[in-house]
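Chemist: The structure's right below; bear with me while I get my questions together.
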Amino acid sequence: MRIYGVDVGGSGVKGAPVDLAKGDLAAKRKRIPTPKPATPAAVLDAIGAVVTHHGWNGPVGVTIPGVVRHGVVETAANIDEEWIGFPAEDALSHYLGMPVTVLNDADAAGLAEARYGAAQGVDGVVILLTFGTGIGSAYLHDGHLVPNTELGHLIFNGQKAEHYAAGRLVKRGDLEIDWWAKRVDELLTYLEGLFWPDMFVMGGGISKRFETFSHLLTTRARVVPAVLRNQAGIVGAAYAAAIGANHA
């Protein structure tokens with residue numbers, strides 16, 4: 001079974017058909033820059049261009065960097081504030097003339113890792129955290145998504161957790177990776193005390209360096225790097241369209 005997945009990010013709109021039996025892209029992904037400003041109208045045009053590139057006609061899953069409830073975008077991170085309150089699912093379904101499922105980008109990555117990646121077959125509670133410009137999160141129980149957790153917005157050490165331990169702090173040189181990893185360990189320990197997960201999955205570009213800092217992570221729960229990396233959003237979006245995950 002193939003379904004099309006689109007991952008809308010702050011810098012790029014990426015999409016490809018996904019082979020859901022394998023959890024892999026069925027064609028080379030198409031990427032175009034995210035419009036500036038990233039208004040709903042401009043992003044809908046970009047999504048349409050990506051989908052049309054592959055000549056797709058069928059169900060589509062789309063990630064948005066914000067809270068999505070019942071197909072409506074409630075917050076806007078790295079996209080224009082016009083998205084707040086925007087009925088993305090209905091608008092995209094009408095625009096594309098195809099059934100569309102819309103969900104949060106970190107939730108899509110969590111679904112992908114639970115179905116095909118690092119958390120495949122893991123029972124109990126799994127928390128995926130994506131460390132990038134901010135911190136995205138996905139909370140899963142026995143593989144089922146609890147959507148829109150936004151754990152990066154928890155107040156931790158007097159500030160939002162993502163301001164304390166986002167991956168961008170290392171990338172731009174504010175913190176050496178060991179110092180950053182110690183901050184991440186503090187955050188994971190705090191989250192462990194709240195949710196008692198069986199596993200943490202670390203995503204985001206910095207997870208490629210996991211082996212250089214994993215020895216500094218001390219939680220009871222196992223911490224593992226994400227497997228699908230930059231394909232997770234596309235794969236998770238397609239999988240969500242198959243199961244209607246955003247209405248969980």
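As shown in the structure tokens, the chain order sets the letters A, B, ...; within each chain, residues go from 1, and ligands are also counted from 1 in the order they appear.
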So that I can check the surroundings of segment 97-109 of chain A, please list as a list in words every protein, DNA and RNA residue that reaches within 6 Å of it, counting only C-alpha atoms and ignoring chain neighbours fewer than 4 positions away.
Modeler: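 Everything that qualifies: Gly58, Pro59, Val60, Gly61, Val62, Thr63, Ile64, Pro65, Gly66, Val67, Val68, Gly71, Glu89, Ser93, Gly136, Ser137, Ala138, Ala232, Gly233, Gly236, Ala237, Ala241 and Asn246 of chain A.
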Chemist: Keeping only N, CA and C atoms, write those residues as a compact mmCIF listing (two decimals), in the first residue's frame.
Modeler:
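This is the output file part17.txt:
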```txt
# COMPACT_ATOMS: atom_id res chain seq x y z
N GLY A 58 -4.52 10.36 -4.66
CA GLY A 58 -4.92 9.43 -3.61
C GLY A 58 -4.76 10.07 -2.25
N PRO A 59 -4.85 9.29 -1.18
CA PRO A 59 -4.73 9.86 0.17
C PRO A 59 -3.38 10.52 0.39
N VAL A 60 -3.39 11.60 1.18
CA VAL A 60 -2.18 12.36 1.48
C VAL A 60 -2.13 12.64 2.98
N GLY A 61 -0.96 12.47 3.58
CA GLY A 61 -0.72 12.89 4.96
C GLY A 61 0.21 14.08 4.96
N VAL A 62 -0.06 15.06 5.82
CA VAL A 62 0.71 16.30 5.85
C VAL A 62 1.06 16.64 7.30
N THR A 63 2.34 16.93 7.55
CA THR A 63 2.74 17.42 8.87
C THR A 63 2.81 18.94 8.87
N ILE A 64 2.49 19.51 10.03
CA ILE A 64 2.58 20.95 10.25
C ILE A 64 3.33 21.18 11.56
N PRO A 65 4.26 22.14 11.61
CA PRO A 65 4.96 22.43 12.87
C PRO A 65 4.09 23.24 13.83
N GLY A 66 3.09 22.59 14.39
CA GLY A 66 2.19 23.22 15.32
C GLY A 66 1.19 22.20 15.85
N VAL A 67 0.44 22.58 16.86
CA VAL A 67 -0.60 21.72 17.40
C VAL A 67 -1.73 21.62 16.37
N VAL A 68 -2.20 20.39 16.14
CA VAL A 68 -3.31 20.16 15.21
C VAL A 68 -4.38 19.37 15.93
N GLY A 71 -8.00 18.47 12.66
CA GLY A 71 -7.70 19.06 11.37
C GLY A 71 -7.47 20.56 11.38
N GLU A 89 -6.95 20.68 7.36
CA GLU A 89 -7.35 19.41 6.75
C GLU A 89 -8.43 19.62 5.69
N SER A 93 -7.77 19.23 1.66
CA SER A 93 -8.59 18.24 0.95
C SER A 93 -9.30 18.89 -0.23
N GLY A 136 10.55 19.16 19.77
CA GLY A 136 9.25 18.57 19.50
C GLY A 136 9.11 17.27 20.27
N SER A 137 7.87 16.84 20.49
CA SER A 137 7.67 15.62 21.26
C SER A 137 6.52 14.79 20.72
N ALA A 138 6.63 13.49 20.92
CA ALA A 138 5.53 12.57 20.63
C ALA A 138 5.46 11.56 21.77
N ALA A 232 11.46 10.67 8.59
CA ALA A 232 10.43 10.31 9.57
C ALA A 232 9.14 11.09 9.37
N GLY A 233 9.24 12.39 9.06
CA GLY A 233 8.04 13.19 8.89
C GLY A 233 7.20 12.72 7.71
N GLY A 236 5.85 9.17 8.56
CA GLY A 236 4.82 9.26 9.59
C GLY A 236 3.55 9.91 9.09
N ALA A 237 3.68 10.91 8.23
CA ALA A 237 2.50 11.57 7.66
C ALA A 237 1.69 10.58 6.84
N ALA A 241 -2.09 9.09 7.65
CA ALA A 241 -3.21 9.12 6.72
C ALA A 241 -3.88 7.76 6.60
N ASN A 246 -4.36 11.51 13.71
CA ASN A 246 -4.58 12.81 14.33
C ASN A 246 -5.94 12.91 15.01
```
Chemist: Tell me which protein, DNA and RNA residues are within 12 Å of Gly55 of chain A, counting only C-alpha atoms, leaving out same-chain ones fewer than 5 positions away, and put them as a PyMOL selection string.
Modeler: chain A and resi 4+15-17+27+30+48-50+96
Chemist: Go ahead and save the residues from that selection, with N, CA and C atoms, as a PDB file, in the first residue's frame.
Modeler:
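Saved result, again-v5.pdb, follows:
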```
ATOM      1  N   TYR A   4       0.807   9.075   0.048  1.00  0.00           N
ATOM      2  CA  TYR A   4       1.742  10.189  -0.098  1.00  0.00           C
ATOM      3  C   TYR A   4       1.915  10.914   1.232  1.00  0.00           C
ATOM      4  N   GLY A  15       8.163  15.988   0.143  1.00  0.00           N
ATOM      5  CA  GLY A  15       7.135  14.970  -0.015  1.00  0.00           C
ATOM      6  C   GLY A  15       7.549  13.848  -0.932  1.00  0.00           C
ATOM      7  N   ALA A  16       6.893  12.707  -0.753  1.00  0.00           N
ATOM      8  CA  ALA A  16       7.135  11.532  -1.591  1.00  0.00           C
ATOM      9  C   ALA A  16       6.043  10.504  -1.311  1.00  0.00           C
ATOM     10  N   PRO A  17       5.780   9.635  -2.280  1.00  0.00           N
ATOM     11  CA  PRO A  17       4.929   8.480  -1.975  1.00  0.00           C
ATOM     12  C   PRO A  17       5.685   7.529  -1.062  1.00  0.00           C
ATOM     13  N   ALA A  27       9.690   6.695  -3.962  1.00  0.00           N
ATOM     14  CA  ALA A  27      10.276   7.500  -5.036  1.00  0.00           C
ATOM     15  C   ALA A  27      11.158   8.554  -4.381  1.00  0.00           C
ATOM     16  N   LYS A  30      10.646  15.019  -3.240  1.00  0.00           N
ATOM     17  CA  LYS A  30      10.687  16.346  -3.838  1.00  0.00           C
ATOM     18  C   LYS A  30      10.728  17.369  -2.721  1.00  0.00           C
ATOM     19  N   GLY A  48       0.893  21.634  -2.928  1.00  0.00           N
ATOM     20  CA  GLY A  48       0.333  21.223  -4.213  1.00  0.00           C
ATOM     21  C   GLY A  48       1.404  20.959  -5.251  1.00  0.00           C
ATOM     22  N   ALA A  49       2.443  21.805  -5.278  1.00  0.00           N
ATOM     23  CA  ALA A  49       3.534  21.625  -6.239  1.00  0.00           C
ATOM     24  C   ALA A  49       4.302  20.339  -5.971  1.00  0.00           C
ATOM     25  N   VAL A  50       4.516  20.029  -4.682  1.00  0.00           N
ATOM     26  CA  VAL A  50       5.245  18.810  -4.326  1.00  0.00           C
ATOM     27  C   VAL A  50       4.447  17.570  -4.717  1.00  0.00           C
ATOM     28  N   LEU A  96      -6.454  20.040  -2.944  1.00  0.00           N
ATOM     29  CA  LEU A  96      -5.849  18.938  -3.704  1.00  0.00           C
ATOM     30  C   LEU A  96      -6.879  18.058  -4.386  1.00  0.00           C
TER      31      LEU A  96
END
```
Chemist: Excluding Trp196 of chain A and residues on its chain fewer than 5 positions from it, collect all residues at most 8 Å away from it, counting only C-alpha atoms, and give them as a list in words.
Modeler: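 Near Trp196 of chain A, the qualifying residues are Val125, Leu191 and Ala221 of chain A.
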Chemist: Given the selection you just returned, output its residues as a file containing C-alpha atoms, formatted as a PDB file, in the first residue's frame.
Modeler:
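For reference, out_22.pdb as written:
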```
ATOM      1  CA  VAL A 125       5.328   4.360  27.100  1.00  0.00           C
ATOM      2  CA  LEU A 191      10.366  13.915  32.172  1.00  0.00           C
ATOM      3  CA  ALA A 221      14.609   4.345  30.642  1.00  0.00           C
TER       4      ALA A 221
END
```
Chemist: One decimal, in Å: what's the spacing between atom CA of Pro40 of chain A and atom CA of His94 of chain A?
Modeler: 13.5 Å
Chemist: Per residue of segment 69-167 of chain A within 9 Å of segment 31-38 of chain A, note the shortest atom pair and the distance in Å to one decimal, counting only C-alpha atoms, and order the rows by chain and increasing residue number, as CSV.
Modeler:
```
residue,atom,partner,partner_atom,distance
A:Asn78,CA,A:Ala38,CA,8.1
A:Ile79,CA,A:Ala38,CA,5.1
A:Asp80,CA,A:Ala38,CA,5.0
A:Glu81,CA,A:Ala38,CA,8.7
A:Glu82,CA,A:Ala38,CA,8.7
A:Trp83,CA,A:Ala38,CA,8.8
```
Chemist: Enumerate, as an MDAnalysis selection string, the complete set of residues in segment 15-248 of chain A that a backbone-based DSSP assignment places in helix (DSSP H, G or I).
Modeler: chainID A and resid 40:53 81:83 88:96 105:116 151:153 161:165 168:171 177:195 205:216 229:243 245:247
Chemist: Tell me which of A:Phe131, A:Trp56, A:Phe156, A:Tyr95 sits closest to Ala226 of chain A, counting only C-alpha atoms.
Modeler: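 Nearest to Ala226 of chain A: A:Phe131.
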Chemist: So that I can check the surroundings of His215 of chain A, please list as a CSV table (one decimal) with C-alpha atoms, in the first residue's frame every protein, DNA and RNA residue that reaches within 12 Å of it, counting only C-alpha atoms and ignoring chain neighbours fewer than 2 positions away.
Modeler:
```
chain,number,residue,atom,x,y,z
A,178,ASP,CA,29.0,17.5,26.4
A,181,ALA,CA,24.1,16.5,26.7
A,182,LYS,CA,24.2,17.2,30.4
A,185,ASP,CA,20.0,14.5,30.7
A,209,ARG,CA,26.1,12.3,16.9
A,210,PHE,CA,24.4,10.2,19.5
A,211,GLU,CA,27.4,7.9,20.1
A,212,THR,CA,29.5,10.9,21.1
A,213,PHE,CA,27.3,11.9,24.1
A,217,LEU,CA,22.6,10.1,29.7
A,218,THR,CA,21.6,8.5,33.0
A,219,THR,CA,17.9,7.8,32.9
A,222,ARG,CA,16.6,3.3,27.6
A,223,VAL,CA,17.6,6.2,25.3
A,224,VAL,CA,18.1,5.4,21.7
```
Chemist: List every residue of segment 36-211 of chain A that DSSP, applied to the backbone of this structure, assigns to strand (DSSP E), and report them as a CSV table (one decimal) with N, CA and C atoms, in the first residue's frame.
Modeler:
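Written out: out_13.csv:
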```csv
chain,number,residue,atom,x,y,z
A,60,VAL,N,-3.4,11.6,1.2
A,60,VAL,CA,-2.2,12.4,1.5
A,60,VAL,C,-2.1,12.6,3.0
A,61,GLY,N,-1.0,12.5,3.6
A,61,GLY,CA,-0.7,12.9,5.0
A,61,GLY,C,0.2,14.1,5.0
A,62,VAL,N,-0.1,15.1,5.8
A,62,VAL,CA,0.7,16.3,5.9
A,62,VAL,C,1.1,16.6,7.3
A,63,THR,N,2.3,16.9,7.6
A,63,THR,CA,2.7,17.4,8.9
A,63,THR,C,2.8,18.9,8.9
A,64,ILE,N,2.5,19.5,10.0
A,64,ILE,CA,2.6,21.0,10.2
A,64,ILE,C,3.3,21.2,11.6
A,68,VAL,N,-2.2,20.4,16.1
A,68,VAL,CA,-3.3,20.2,15.2
A,68,VAL,C,-4.4,19.4,15.9
A,69,ARG,N,-5.6,19.9,16.0
A,69,ARG,CA,-6.7,19.2,16.6
A,69,ARG,C,-7.9,19.2,15.7
A,72,VAL,N,-7.6,21.2,12.6
A,72,VAL,CA,-7.4,22.6,12.7
A,72,VAL,C,-6.1,22.9,13.4
A,73,VAL,N,-5.3,23.8,12.8
A,73,VAL,CA,-4.0,24.2,13.4
A,73,VAL,C,-4.2,25.2,14.5
A,100,VAL,N,-7.1,14.2,2.8
A,100,VAL,CA,-5.9,14.6,3.5
A,100,VAL,C,-6.0,14.5,5.0
A,101,THR,N,-5.0,14.0,5.6
A,101,THR,CA,-4.8,13.9,7.1
A,101,THR,C,-3.7,14.9,7.5
A,102,VAL,N,-4.0,15.7,8.5
A,102,VAL,CA,-2.9,16.7,8.9
A,102,VAL,C,-2.6,16.4,10.4
A,103,LEU,N,-1.4,16.4,10.7
A,103,LEU,CA,-0.9,16.2,12.1
A,103,LEU,C,0.3,17.0,12.4
A,104,ASN,N,0.7,17.1,13.7
A,104,ASN,CA,1.9,17.7,14.2
A,104,ASN,C,3.1,17.0,13.7
A,125,VAL,N,5.2,2.9,27.5
A,125,VAL,CA,5.3,4.4,27.1
A,125,VAL,C,6.7,4.7,26.4
A,126,VAL,N,6.5,5.3,25.2
A,126,VAL,CA,7.7,5.7,24.5
A,126,VAL,C,7.5,7.2,24.3
A,127,ILE,N,8.6,8.0,24.6
A,127,ILE,CA,8.6,9.4,24.3
A,127,ILE,C,9.7,9.7,23.3
A,128,LEU,N,9.3,10.3,22.2
A,128,LEU,CA,10.2,10.7,21.2
A,128,LEU,C,10.4,12.2,21.3
A,129,LEU,N,11.6,12.7,21.3
A,129,LEU,CA,11.9,14.1,21.4
A,129,LEU,C,12.8,14.5,20.2
A,130,THR,N,12.4,15.5,19.4
A,130,THR,CA,13.2,16.0,18.3
A,130,THR,C,14.0,17.2,18.7
A,131,PHE,N,15.3,17.2,18.7
A,131,PHE,CA,16.1,18.3,19.1
A,131,PHE,C,16.6,19.0,17.9
A,135,ILE,N,12.2,21.9,20.6
A,135,ILE,CA,12.1,20.5,21.0
A,135,ILE,C,10.7,20.0,20.7
A,136,GLY,N,10.6,19.2,19.8
A,136,GLY,CA,9.2,18.6,19.5
A,136,GLY,C,9.1,17.3,20.3
A,137,SER,N,7.9,16.8,20.5
A,137,SER,CA,7.7,15.6,21.3
A,137,SER,C,6.5,14.8,20.7
A,138,ALA,N,6.6,13.5,20.9
A,138,ALA,CA,5.5,12.6,20.6
A,138,ALA,C,5.5,11.6,21.8
A,139,TYR,N,4.3,11.3,22.3
A,139,TYR,CA,4.0,10.4,23.4
A,139,TYR,C,3.2,9.2,22.9
A,140,LEU,N,3.7,8.0,23.0
A,140,LEU,CA,3.1,6.8,22.5
A,140,LEU,C,2.9,5.8,23.6
A,141,HIS,N,1.8,5.1,23.7
A,141,HIS,CA,1.6,4.0,24.6
A,141,HIS,C,1.1,2.8,23.8
A,144,HIS,N,0.3,3.5,20.3
A,144,HIS,CA,-0.8,4.4,20.0
A,144,HIS,C,-0.4,5.8,20.4
A,145,LEU,N,-0.6,6.8,19.5
A,145,LEU,CA,-0.2,8.1,19.8
A,145,LEU,C,-1.2,8.9,20.7
A,146,VAL,N,-0.7,9.6,21.6
A,146,VAL,CA,-1.4,10.6,22.4
A,146,VAL,C,-0.9,12.0,21.8
A,155,ILE,N,7.9,24.3,31.4
A,155,ILE,CA,8.8,25.2,32.1
A,155,ILE,C,9.8,24.4,32.9
A,156,PHE,N,11.0,24.5,32.6
A,156,PHE,CA,12.1,23.7,33.2
A,156,PHE,C,13.3,24.6,33.5
A,159,GLN,N,12.7,28.3,32.5
A,159,GLN,CA,12.5,28.7,31.1
A,159,GLN,C,11.8,27.5,30.4
A,160,LYS,N,11.4,27.8,29.1
A,160,LYS,CA,10.9,26.7,28.3
A,160,LYS,C,12.0,25.6,28.1
A,199,MET,N,11.0,4.0,27.2
A,199,MET,CA,12.1,4.4,26.2
A,199,MET,C,12.0,5.8,25.8
A,200,PHE,N,13.1,6.5,25.7
A,200,PHE,CA,13.2,7.8,25.0
A,200,PHE,C,13.8,7.5,23.6
A,201,VAL,N,13.3,8.2,22.6
A,201,VAL,CA,13.9,8.2,21.3
A,201,VAL,C,14.3,9.6,21.0
A,202,MET,N,15.6,9.8,20.6
A,202,MET,CA,16.1,11.1,20.3
A,202,MET,C,16.2,11.3,18.8
A,203,GLY,N,15.5,12.3,18.4
A,203,GLY,CA,15.5,12.6,16.9
A,203,GLY,C,16.1,14.0,16.7
```
Chemist: By how many Å are atom CA of Arg2 of chain A and atom CA of Asp19 of chain A apart?
Modeler: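 We find that atom CA of Arg2 of chain A and atom CA of Asp19 of chain A lie 4.7 Å from each other.
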Chemist: Provide the atom CA of Leu187 of chain A to atom CA of Tyr164 of chain A distance in Å, to one decimal place.
Modeler: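 Value for the atom CA of Leu187 of chain A-atom CA of Tyr164 of chain A distance: 8.8 Å.
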Chemist: Identify which of the residues A:Val43, A:Tyr239, A:Gly132, A:Trp179 lies closest to Gly5 of chain A, counting only C-alpha atoms when measuring atom-to-atom distances.
Modeler: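 The closest residue to Gly5 of chain A is A:Tyr239.
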